[in-house]
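Chemist: Dropping in upload-v1.tsv, which is TSV, C-alpha atoms:
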chain	number	residue	atom	x	y	z
A	880	MET	CA	99.22	92.70	111.95
A	881	GLU	CA	100.73	89.42	110.76
A	882	MET	CA	103.28	89.64	107.92
A	883	ARG	CA	103.97	86.60	105.76
A	884	ASP	CA	106.06	85.71	102.75
A	885	PRO	CA	104.49	87.46	99.74
A	886	ARG	CA	101.95	85.57	97.69
A	887	ILE	CA	99.33	86.36	95.05
A	888	ALA	CA	95.76	86.94	96.25
A	889	TYR	CA	92.74	87.78	94.12
A	890	VAL	CA	90.08	90.27	95.20
A	891	GLY	CA	86.67	90.76	93.62
A	892	LEU	CA	85.58	94.38	93.26
A	893	GLY	CA	81.97	95.49	92.80
A	894	ALA	CA	79.84	98.62	92.97
A	895	ASN	CA	76.25	99.54	92.05
A	896	LEU	CA	75.72	102.85	93.87
A	897	GLY	CA	77.11	106.30	93.12
A	898	ASP	CA	79.93	106.80	90.63
A	899	ARG	CA	80.65	103.10	90.25
A	900	ALA	CA	83.77	103.40	88.08
A	901	ALA	CA	85.31	106.05	90.33
A	902	GLN	CA	84.65	103.90	93.39
A	903	LEU	CA	86.40	100.90	91.83
A	904	LEU	CA	89.37	102.97	90.68
A	905	ALA	CA	89.73	104.55	94.12
A	906	ALA	CA	89.65	101.09	95.70
A	907	VAL	CA	92.38	99.78	93.38
A	908	ARG	CA	94.59	102.77	94.17
A	909	ALA	CA	93.95	102.44	97.91
A	910	LEU	CA	94.85	98.74	97.80
A	911	ASP	CA	98.07	99.48	95.96
A	912	ALA	CA	98.98	102.16	98.52
A	913	ALA	CA	98.28	99.93	101.54
A	914	PRO	CA	101.31	98.58	103.46
A	915	GLY	CA	102.08	95.00	102.51
A	916	VAL	CA	100.01	95.13	99.31
A	917	SER	CA	100.73	95.92	95.66
A	918	VAL	CA	98.30	95.61	92.77
A	919	GLU	CA	99.88	93.35	90.16
A	920	ALA	CA	97.10	93.29	87.54
A	921	VAL	CA	93.47	94.28	87.06
A	922	SER	CA	90.89	92.59	84.84
A	923	ARG	CA	88.49	94.25	82.46
A	924	VAL	CA	85.42	95.85	84.00
A	925	TYR	CA	82.05	94.16	83.40
A	926	GLU	CA	78.52	95.46	83.85
A	927	GLY	CA	75.71	93.10	84.79
A	928	ALA	CA	72.37	93.01	86.52
A	929	ALA	CA	72.29	92.72	90.29
A	930	HIS	CA	72.03	89.11	91.40
A	931	THR	CA	68.53	87.76	91.96
A	932	LEU	CA	69.38	86.93	95.58
A	933	GLY	CA	69.43	90.63	96.44
A	934	PRO	CA	66.51	92.98	97.11
A	935	ALA	CA	64.83	94.04	93.86
A	936	PRO	CA	65.02	96.28	92.05
A	937	GLN	CA	68.71	97.27	92.20
A	938	PRO	CA	70.98	99.23	89.85
A	939	PRO	CA	73.34	97.12	87.74
A	940	PHE	CA	76.79	96.29	89.10
A	941	LEU	CA	80.24	97.02	87.80
A	942	ASN	CA	82.60	94.13	88.61
A	943	ALA	CA	86.31	93.44	88.22
A	944	VAL	CA	89.05	91.34	89.81
A	945	ALA	CA	92.51	92.49	90.90
A	946	ALA	CA	95.59	90.36	91.53
A	947	LEU	CA	97.45	91.47	94.66
A	948	ARG	CA	100.95	90.65	95.76
A	949	THR	CA	100.68	90.73	99.54
A	950	SER	CA	102.48	89.84	102.73
A	951	LEU	CA	99.31	90.35	104.81
A	952	SER	CA	97.44	87.39	106.27
A	953	PRO	CA	93.97	86.59	104.90
A	954	GLU	CA	92.42	88.01	108.07
A	955	ASP	CA	94.36	91.27	107.77
A	956	LEU	CA	93.40	91.54	104.11
A	957	LEU	CA	89.75	91.13	105.08
A	958	ALA	CA	90.10	93.87	107.70
A	959	LEU	CA	91.64	96.14	105.06
A	960	PHE	CA	88.73	95.41	102.70
A	961	PHE	CA	86.17	96.25	105.39
A	962	ARG	CA	87.93	99.54	106.14
A	963	LEU	CA	87.98	100.57	102.47
A	964	GLU	CA	84.30	99.66	102.11
A	965	ARG	CA	83.42	101.85	105.12
A	966	GLU	CA	85.47	104.72	103.75
A	967	ALA	CA	83.56	104.41	100.47
A	968	GLY	CA	80.29	104.83	102.37
A	969	ARG	CA	79.10	101.25	102.68
A	970	GLU	CA	76.91	100.43	105.67
A	971	ARG	CA	76.38	96.72	106.30
A	972	ARG	CA	72.70	96.55	107.21
A	973	THR	CA	71.08	93.95	104.95
A	974	ARG	CA	72.66	91.06	103.08
A	975	TRP	CA	72.78	91.38	99.28
A	976	GLU	CA	71.88	95.09	99.45
A	977	ALA	CA	73.05	97.71	96.95
A	978	ARG	CA	76.48	99.10	97.83
A	979	PRO	CA	78.99	101.74	96.73
A	980	LEU	CA	81.85	99.26	97.12
A	981	ASP	CA	82.16	95.52	97.68
A	982	LEU	CA	85.53	93.82	98.16
A	983	ASP	CA	85.67	90.01	98.43
A	984	LEU	CA	88.76	87.87	99.03
A	985	LEU	CA	88.43	85.22	96.32
A	986	LEU	CA	91.75	83.35	96.50
A	987	TYR	CA	94.84	83.55	98.70
A	988	GLY	CA	97.74	81.75	97.06
A	989	ASP	CA	97.00	78.03	97.10
A	990	GLU	CA	95.60	78.10	100.64
A	991	GLU	CA	92.18	77.10	101.91
A	992	VAL	CA	90.88	79.11	104.87
A	993	ARG	CA	87.82	78.24	106.96
A	994	THR	CA	87.11	80.34	110.03
A	995	ASP	CA	84.00	81.88	111.53
A	996	ALA	CA	84.77	85.14	109.73
A	997	LEU	CA	86.33	84.00	106.48
A	998	THR	CA	86.16	81.24	103.87
A	999	VAL	CA	88.73	81.05	101.05
A	1000	PRO	CA	88.26	80.25	98.22
A	1001	HIS	CA	85.16	82.42	98.35
A	1002	PRO	CA	82.19	80.10	99.04
A	1003	TYR	CA	80.21	81.36	96.02
A	1004	LEU	CA	83.17	81.49	93.64
A	1005	ALA	CA	81.97	78.74	91.30
A	1006	GLU	CA	78.41	80.14	91.16
A	1007	ARG	CA	79.11	83.75	90.20
A	1008	ARG	CA	79.82	84.62	86.58
A	1009	PHE	CA	80.63	88.24	87.56
A	1010	VAL	CA	83.52	86.81	89.60
A	1011	LEU	CA	84.71	84.03	87.31
A	1012	GLN	CA	84.72	86.05	84.09
A	1013	PRO	CA	87.13	88.78	85.29
A	1014	LEU	CA	89.16	86.16	87.18
A	1015	ASP	CA	89.46	84.26	83.90
A	1016	ASP	CA	90.86	87.44	82.30
A	1017	LEU	CA	93.76	87.32	84.75
A	1018	ALA	CA	94.39	83.64	85.47
A	1019	PRO	CA	92.45	81.20	83.26
A	1020	GLY	CA	94.82	78.33	84.02
A	1021	LEU	CA	95.06	78.88	87.76
A	1022	LEU	CA	94.09	75.75	89.71
A	1023	VAL	CA	91.47	76.69	92.31
A	1024	PRO	CA	92.19	75.18	95.75
A	1025	GLY	CA	89.49	72.80	96.87
A	1026	TYR	CA	88.16	72.34	93.33
A	1027	GLY	CA	91.21	70.86	91.61
A	1028	VAL	CA	90.31	72.44	88.27
A	1029	PRO	CA	91.44	75.68	86.59
A	1030	VAL	CA	89.41	78.89	86.56
A	1031	ARG	CA	88.51	78.43	82.90
A	1032	ASP	CA	86.75	75.13	83.70
A	1033	LEU	CA	84.78	76.69	86.54
A	1034	LEU	CA	83.68	79.46	84.19
A	1035	ALA	CA	82.61	76.98	81.51
A	1036	ALA	CA	80.49	75.08	84.04
A	1037	CYS	CA	79.10	78.17	85.82
A	1038	PRO	CA	75.28	77.97	86.13
A	1039	ASP	CA	74.84	81.73	86.62
A	1040	PRO	CA	72.50	83.05	83.86
A	1041	ILE	CA	73.43	86.74	84.29
A	1042	SER	CA	74.86	88.31	81.13
A	1043	LEU	CA	77.96	90.49	81.42
A	1044	GLN	CA	78.98	93.38	79.19
A	1045	PRO	CA	82.69	94.35	79.10
A	1046	LEU	CA	83.19	98.12	79.39
A	1047	ASP	CA	86.02	100.40	78.31
A	1048	ILE	CA	87.00	101.46	81.83
A	1049	ASP	CA	90.66	101.59	82.88
A	1050	LEU	CA	91.30	100.59	86.50
A	1051	HIS	CA	95.07	100.49	86.28
A	1052	VAL	CA	96.85	102.04	89.22
A	1053	THR	CA	98.82	104.57	87.18
A	1054	ALA	CA	97.48	106.19	84.05
A	1055	PRO	CA	99.67	105.46	80.99
A	1056	ASP	CA	100.36	109.17	80.46
A	1057	ALA	CA	101.25	109.90	84.08
A	1058	PRO	CA	104.77	111.39	84.40
A	1059	LEU	CA	107.47	109.14	85.78
A	1060	ASP	CA	110.23	111.04	87.54
A	1061	LEU	CA	113.07	108.60	88.15
A	1062	PRO	CA	115.88	109.43	90.58
A	1063	ASP	CA	119.30	110.55	89.42
A	1064	ALA	CA	120.57	106.99	89.89
A	1065	LEU	CA	118.49	105.94	86.84
A	1066	ARG	CA	119.24	108.58	84.23
A	1067	TYR	CA	120.55	106.20	81.57
A	1068	ILE	CA	118.54	103.00	81.07
A	1069	VAL	CA	119.25	100.40	78.42
A	1070	VAL	CA	116.81	97.71	77.27
A	1071	GLU	CA	118.46	94.61	75.83
A	1072	GLY	CA	117.36	91.29	74.39
A	1073	VAL	CA	117.66	88.93	71.46
A	1074	ILE	CA	116.15	89.85	68.09
A	1075	GLY	CA	112.37	89.72	68.53
A	1076	ALA	CA	112.34	90.15	72.32
A	1077	GLY	CA	110.60	93.55	72.11
A	1078	LYS	CA	113.49	95.69	73.32
A	1079	THR	CA	112.90	98.55	70.88
A	1080	THR	CA	109.18	98.62	71.63
A	1081	LEU	CA	109.80	98.71	75.38
A	1082	ALA	CA	112.51	101.36	75.00
A	1083	ARG	CA	110.06	103.58	73.07
A	1084	MET	CA	107.36	103.11	75.70
A	1085	LEU	CA	109.73	103.83	78.58
A	1086	ALA	CA	111.12	106.95	76.90
A	1087	GLU	CA	107.61	108.28	76.36
A	1088	ARG	CA	106.60	107.41	79.92
A	1089	MET	CA	109.69	109.15	81.32
A	1090	GLY	CA	109.86	112.07	78.89
A	1091	ALA	CA	113.36	110.81	78.10
A	1092	ARG	CA	115.62	111.03	75.08
A	1093	LEU	CA	115.35	107.86	72.98
A	1094	VAL	CA	118.44	106.32	71.39
A	1095	LEU	CA	117.76	103.48	68.93
A	1096	GLU	CA	120.28	101.26	67.24
A	1097	GLU	CA	120.78	102.19	63.59
A	1098	PHE	CA	120.67	98.62	62.29
A	1099	ASP	CA	118.78	99.56	59.12
A	1100	GLU	CA	121.71	101.75	58.08
A	1101	ASN	CA	124.18	98.85	58.01
A	1102	PRO	CA	124.70	98.26	54.27
A	1103	PHE	CA	126.05	94.74	54.81
A	1104	LEU	CA	123.17	93.35	56.90
A	1105	PRO	CA	121.03	91.87	54.05
A	1106	ASP	CA	124.17	90.26	52.58
A	1107	PHE	CA	125.10	88.84	55.98
A	1108	TYR	CA	121.74	87.09	56.39
A	1109	ARG	CA	122.16	85.53	52.95
A	1110	GLU	CA	125.86	84.58	53.32
A	1111	PRO	CA	126.90	84.88	56.99
A	1112	VAL	CA	130.45	83.55	56.66
A	1113	ARG	CA	131.38	85.83	53.76
A	1114	TRP	CA	129.93	89.05	55.13
A	1115	ALA	CA	130.31	88.64	58.90
A	1116	PHE	CA	133.45	90.76	59.31
A	1117	HIS	CA	132.14	93.63	57.15
A	1118	THR	CA	128.83	93.62	59.00
A	1119	GLN	CA	130.43	93.52	62.44
A	1120	LEU	CA	132.81	96.39	61.78
A	1121	ALA	CA	129.99	98.52	60.36
A	1122	PHE	CA	127.96	97.88	63.51
A	1123	LEU	CA	130.95	98.59	65.74
A	1124	ALA	CA	131.58	101.96	64.07
A	1125	SER	CA	127.90	102.95	64.18
A	1126	ARG	CA	127.41	101.94	67.81
A	1127	PHE	CA	130.59	103.69	68.90
A	1128	ARG	CA	129.52	106.92	67.15
A	1129	GLN	CA	126.17	106.81	68.97
A	1130	GLN	CA	127.79	106.04	72.31
A	1131	LYS	CA	130.07	109.05	72.03
A	1132	ALA	CA	127.03	111.23	71.30
A	1133	LEU	CA	125.45	110.05	74.57
A	1134	ALA	CA	128.03	112.08	76.47
A	1135	ASP	CA	126.69	115.30	74.92
A	1136	ARG	CA	124.43	117.34	77.16
A	1137	ASP	CA	120.73	117.23	76.25
A	1138	LEU	CA	118.97	120.46	77.25
A	1139	PHE	CA	115.47	119.06	76.68
A	1140	HIS	CA	115.59	115.69	78.44
A	1141	HIS	CA	116.67	114.67	81.93
A	1142	ALA	CA	117.09	110.97	81.07
A	1143	THR	CA	118.01	108.65	78.21
A	1144	VAL	CA	116.62	105.28	77.19
A	1145	ALA	CA	118.42	103.14	74.60
A	1146	ASP	CA	117.55	99.83	72.98
A	1147	TYR	CA	121.07	98.37	73.05
A	1148	THR	CA	124.30	98.29	75.02
A	1149	PHE	CA	127.68	98.77	73.42
A	1150	ASP	CA	128.58	95.36	74.86
A	1151	LYS	CA	126.08	93.62	72.58
A	1152	ASP	CA	128.45	94.18	69.67
A	1153	ARG	CA	130.91	91.80	71.28
A	1154	ILE	CA	128.21	89.17	71.88
A	1155	PHE	CA	127.49	89.04	68.15
A	1156	ALA	CA	131.16	89.19	67.20
A	1157	HIS	CA	131.97	86.03	69.18
A	1158	ILE	CA	129.23	84.19	67.29
A	1159	THR	CA	130.03	85.41	63.78
A	1160	LEU	CA	133.83	85.83	63.81
A	1161	ASP	CA	136.85	83.69	64.57
A	1162	GLY	CA	140.61	83.55	64.03
A	1163	ASP	CA	142.45	86.69	62.91
A	1164	GLU	CA	139.20	88.56	62.22
A	1165	LEU	CA	138.03	88.06	65.79
A	1166	GLN	CA	141.42	89.11	67.15
A	1167	LEU	CA	141.42	92.31	65.05
A	1168	TYR	CA	137.88	93.02	66.18
A	1169	GLU	CA	138.84	92.53	69.85
A	1170	ASN	CA	141.69	95.03	69.51
A	1171	LEU	CA	139.37	97.68	68.05
A	1172	TYR	CA	136.60	96.94	70.54
A	1173	GLY	CA	138.96	97.28	73.50
A	1174	LEU	CA	140.08	100.73	72.39
A	1175	MET	CA	136.49	101.95	71.95
A	1176	GLU	CA	134.81	100.31	74.94
A	1177	ALA	CA	137.03	102.06	77.46
A	1178	THR	CA	135.59	105.46	76.47
A	1179	THR	CA	131.87	104.61	76.32
A	1180	VAL	CA	129.23	105.61	78.87
A	1181	GLN	CA	128.05	102.82	81.18
A	1182	PRO	CA	124.27	102.60	81.74
A	1183	ASP	CA	122.76	103.11	85.18
A	1184	LEU	CA	120.53	100.08	84.58
A	1185	VAL	CA	120.29	97.35	81.98
A	1186	VAL	CA	116.89	95.70	81.50
A	1187	TYR	CA	117.37	92.33	79.82
A	1188	LEU	CA	114.24	90.87	78.21
A	1189	GLN	CA	114.68	87.12	78.40
A	1190	SER	CA	112.34	85.12	76.16
A	1191	SER	CA	111.84	81.64	74.77
A	1192	VAL	CA	113.04	80.77	71.28
A	1193	ASP	CA	109.45	79.96	70.25
A	1194	ARG	CA	108.32	83.43	71.30
A	1195	LEU	CA	111.26	85.09	69.56
A	1196	MET	CA	110.58	83.25	66.29
A	1197	HIS	CA	106.90	84.17	66.50
A	1198	ASN	CA	107.67	87.86	66.98
A	1199	ILE	CA	110.24	87.89	64.17
A	1200	ALA	CA	107.70	86.37	61.79
A	1201	GLN	CA	105.02	88.84	62.89
A	1202	ARG	CA	107.07	91.95	62.09
A	1203	GLY	CA	107.85	90.68	58.58
A	1204	ARG	CA	111.20	92.29	57.78
A	1205	ASP	CA	112.49	91.01	54.46
A	1206	TYR	CA	116.05	90.39	55.58
A	1207	GLU	CA	114.86	88.47	58.68
A	1208	ARG	CA	112.51	86.19	56.77
A	1209	ASP	CA	115.02	83.38	56.38
A	1210	MET	CA	116.58	83.74	59.83
A	1211	SER	CA	117.07	80.22	61.16
A	1212	ARG	CA	115.81	78.93	64.47
A	1213	SER	CA	119.26	77.58	65.25
A	1214	TYR	CA	120.79	81.06	64.84
A	1215	ILE	CA	118.22	82.61	67.19
A	1216	ALA	CA	118.75	79.79	69.69
A	1217	GLU	CA	122.51	80.40	69.55
A	1218	LEU	CA	121.97	84.14	70.09
A	1219	ALA	CA	119.65	83.48	73.04
A	1220	GLU	CA	122.22	81.23	74.67
A	1221	ALA	CA	124.97	83.81	74.08
A	1222	TYR	CA	122.89	86.58	75.63
A	1223	ASP	CA	121.99	84.41	78.63
A	1224	ARG	CA	125.62	83.44	79.10
A	1225	TYR	CA	126.76	87.06	78.95
A	1226	PHE	CA	124.17	88.40	81.39
A	1227	ARG	CA	124.71	85.53	83.83
A	1228	THR	CA	128.11	87.04	84.55
A	1229	TYR	CA	127.29	90.74	84.02
A	1230	THR	CA	128.98	92.91	86.68
A	1231	LYS	CA	129.20	96.39	85.14
A	1232	GLY	CA	126.16	97.73	87.00
A	1233	PRO	CA	122.59	96.96	88.11
A	1234	LEU	CA	120.82	94.40	85.94
A	1235	LEU	CA	117.11	93.60	85.78
A	1236	ILE	CA	116.40	90.27	84.06
A	1237	VAL	CA	112.76	90.16	82.93
A	1238	ASN	CA	111.06	86.88	82.08
A	1239	SER	CA	109.11	88.39	79.17
A	1240	THR	CA	107.75	85.23	77.57
A	1241	GLY	CA	104.27	85.81	79.00
A	1242	LEU	CA	104.29	89.60	79.42
A	1243	ASP	CA	102.13	91.72	77.13
A	1244	PHE	CA	103.44	95.19	78.00
A	1245	VAL	CA	102.31	96.43	74.56
A	1246	HIS	CA	98.59	95.68	74.86
A	1247	ASP	CA	98.14	95.34	78.62
A	1248	ALA	CA	98.74	98.55	80.56
A	1249	ALA	CA	98.86	96.61	83.83
A	1250	ASP	CA	101.81	94.56	82.58
A	1251	PHE	CA	103.60	97.73	81.48
A	1252	GLU	CA	102.94	99.58	84.73
A	1253	ARG	CA	104.07	96.57	86.77
A	1254	LEU	CA	107.33	96.54	84.81
A	1255	VAL	CA	107.73	100.32	85.20
A	1256	ARG	CA	107.37	100.00	88.97
A	1257	GLN	CA	109.99	97.27	89.03
A	1258	ILE	CA	112.39	99.42	87.00
A	1259	ALA	CA	111.84	102.38	89.33
A	1260	SER	CA	112.58	100.15	92.33
A	1261	MET	CA	116.07	99.43	90.95
A	1262	ALA	CA	117.35	102.87	91.99
A	1263	GLY	CA	120.21	102.40	94.41
A	1264	ARG	CA	120.38	98.63	93.96
A	1265	THR	CA	123.43	96.66	92.95
A	1266	GLY	CA	123.82	93.29	91.30
A	1267	THR	CA	121.10	91.35	89.46
A	1268	VAL	CA	117.35	91.25	90.12
A	1269	HIS	CA	115.03	88.74	88.43
A	1270	PHE	CA	111.50	89.87	87.58
A	1271	ASN	CA	108.96	87.13	86.89
A	1272	PRO	CA	105.34	88.05	86.08
A	1273	PRO	CA	102.55	86.42	88.11
A	1274	GLU	CA	100.92	83.28	86.77
A	1275	SER	CA	98.17	85.36	85.16
A	1276	ALA	CA	100.63	87.13	82.89
A	1277	GLN	CA	102.71	84.04	82.13
A	1278	LEU	CA	99.72	82.39	80.48
A	1279	ARG	CA	99.35	85.12	77.85
A	1280	LEU	CA	101.26	85.65	74.60
A	1281	LEU	CA	101.64	88.86	72.65
Translate the structure of the given file into structure tokens.
Modeler:
Amino acid sequence: MEMRDPRIAYVGLGANLGDRAAQLLAAVRALDAAPGVSVEAVSRVYEGAAHTLGPAPQPPFLNAVAALRTSLSPEDLLALFFRLEREAGRERRTRWEARPLDLDLLLYGDEEVRTDALTVPHPYLAERRFVLQPLDDLAPGLLVPGYGVPVRDLLAACPDPISLQPLDIDLHVTAPDAPLDLPDALRYIVVEGVIGAGKTTLARMLAERMGARLVLEEFDENPFLPDFYREPVRWAFHTQLAFLASRFRQQKALADRDLFHHATVADYTFDKDRIFAHITLDGDELQLYENLYGLMEATTVQPDLVVYLQSSVDRLMHNIAQRGRDYERDMSRSYIAELAEAYDRYFRTYTKGPLLIVNSTGLDFVHDAADFERLVRQIASMAGRTGTVHFNPPESAQLRLL
């Protein structure tokens, strides 16, 4: 078996015999469990009539496309597909026949492959709507090797007359309610990010997924916050000290034993207080703050992992506007840009423990279970690691916005 540097490959999945949905789900799980392969994302499932090239009549097909991160060669991937088809009960007797499982290698990175056994991109890619539509779900802007145009353009020009109906079938590798038992090395996880990055949302989702205690920053209880957004210079010191006291009180509570939860997820680090202080304070006020912070910080609990959601200023401003909090309505772009730079600067030199930097600009972990599960797997893989790991979604995810 030839192992290569990992790349993204796309596989078409189809079935029109037996329990079609169960066959597709089993195939996705088997692919994800195969050595050298992980399922990064799965499209929606579509139902459509069997193609007119096949023997008639045939039951309708269910079709989907999965994005794989793989270190296998195209030939080894094809061998894996054939094995899974056989295990599902497929017997290759007649071309275009009905089948319990069909796995086709559509794309393999940006490579073109032409051998006696394999052609990539798939030779019928541009002619099959049941392939292009789910592929467009995952990677509409992906340039198709040999065609020089993105998937969306191939779909728009596709001559296939077959109509497809999207179905409410979940093919994600791990069900959203499946328990996640993290090792002892990841008992205290913190999600961080600039205002609007989605840190509180992700912290809630992770806590639910892990059955963990959730600790959220009590920003709404800061009585000076609305005044600060109206007059930052006048109210900065009051606001910062109120936050410092609140965050320190919560951090001390983290040391208390929780009889009902084995893990804790929080949506802020104690260190974030200092990031804001160095933006809003200066002179004697900053020096007084530093003295107080130093006394408190030495007694706080350090997280086992910090997940930093890094996002573009455009995305942050969009999310802030969408949630519509009154006191954030007049928040300036320049202030958010300054915060983003301060966060990036801080986490570039972070050395207190493992750090996962997530490029979240194109992730939709709220509405796309595949994005969330991919991020969960990455977090779980941080157990026992040291230093900083960068997580970048595949091209399919980067093209989407929340």
Chemist: What does the distance between CA of Asp1032 (chain A) and CA of His1051 (chain A) come to in Å, to one decimal place?
Modeler: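 Between CA of Asp1032 (chain A) and CA of His1051 (chain A) the gap is 26.8 Å.
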Chemist: Tell me which of A:Asp989, A:Ala909, A:Glu1006, A:Gln1044 sits closest to Leu941 (chain A), counting only C-alpha atoms.
Modeler: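 Using only C-alpha atoms, Leu941 (chain A) sits closest to A:Gln1044.
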Chemist: Could you check which of A:Pro1024, A:Gln902, A:Leu1004, A:Val1255 is closest to Pro1038 (chain A), using all atoms listed in the file?
Modeler: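 That would be A:Leu1004, the residue with the smallest distance to Pro1038 (chain A).
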Chemist: Compile the contact shell of region 1257-1266 of chain A as a PyMOL selection string: residues with an atom at most 10 Å away, counting only C-alpha atoms, same-chain residues fewer than 5 positions apart removed.
Modeler: chain A and resi 1059-1066+1068+1085+1183-1186+1229-1235+1237+1251-1252
Chemist: In terms of the shortest atom-to-atom distance over all atoms listed in the file, which of A:Ala905, A:Val1070, A:Leu1021, A:Val944 is closest to Glu966 (chain A)?
Modeler: A:Ala905
Chemist: Please report the interatomic distance between CA of Leu1160 (chain A) and CA of Tyr1222 (chain A) in Å with one decimal.
Modeler: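 Separating CA of Leu1160 (chain A) from CA of Tyr1222 (chain A) is a distance of 16.1 Å.
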Chemist: How many Å separate CA of Leu1014 (chain A) from CA of Asp955 (chain A)?
Modeler: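 According to the coordinates, CA of Leu1014 (chain A) and CA of Asp955 (chain A) are separated by 21.8 Å.
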Chemist: Which residue out of A:Val1023, A:Ala920, A:Arg1007, A:Tyr889 has the minimum interatomic distance to Leu957 (chain A) when only C-alpha atoms are used?
Modeler: A:Tyr889
Chemist: Restricting the calculation to all atoms listed in the file: of A:Ala894, A:Ile887, A:Leu1254, A:Ala1177, which residue gets closest to Met1084 (chain A)?
Modeler: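 Closest residue, counting all atoms listed in the file: A:Leu1254.
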Chemist: Name the closest residue to Phe940 (chain A) among the candidates A:Leu1046, A:Leu1165, A:Cys1037, A:Ala888; distances are taken between atoms, counting all atoms listed in the file.
Modeler: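 When distances to Phe940 (chain A) are compared using all atoms listed in the file, the smallest one comes from A:Leu1046.
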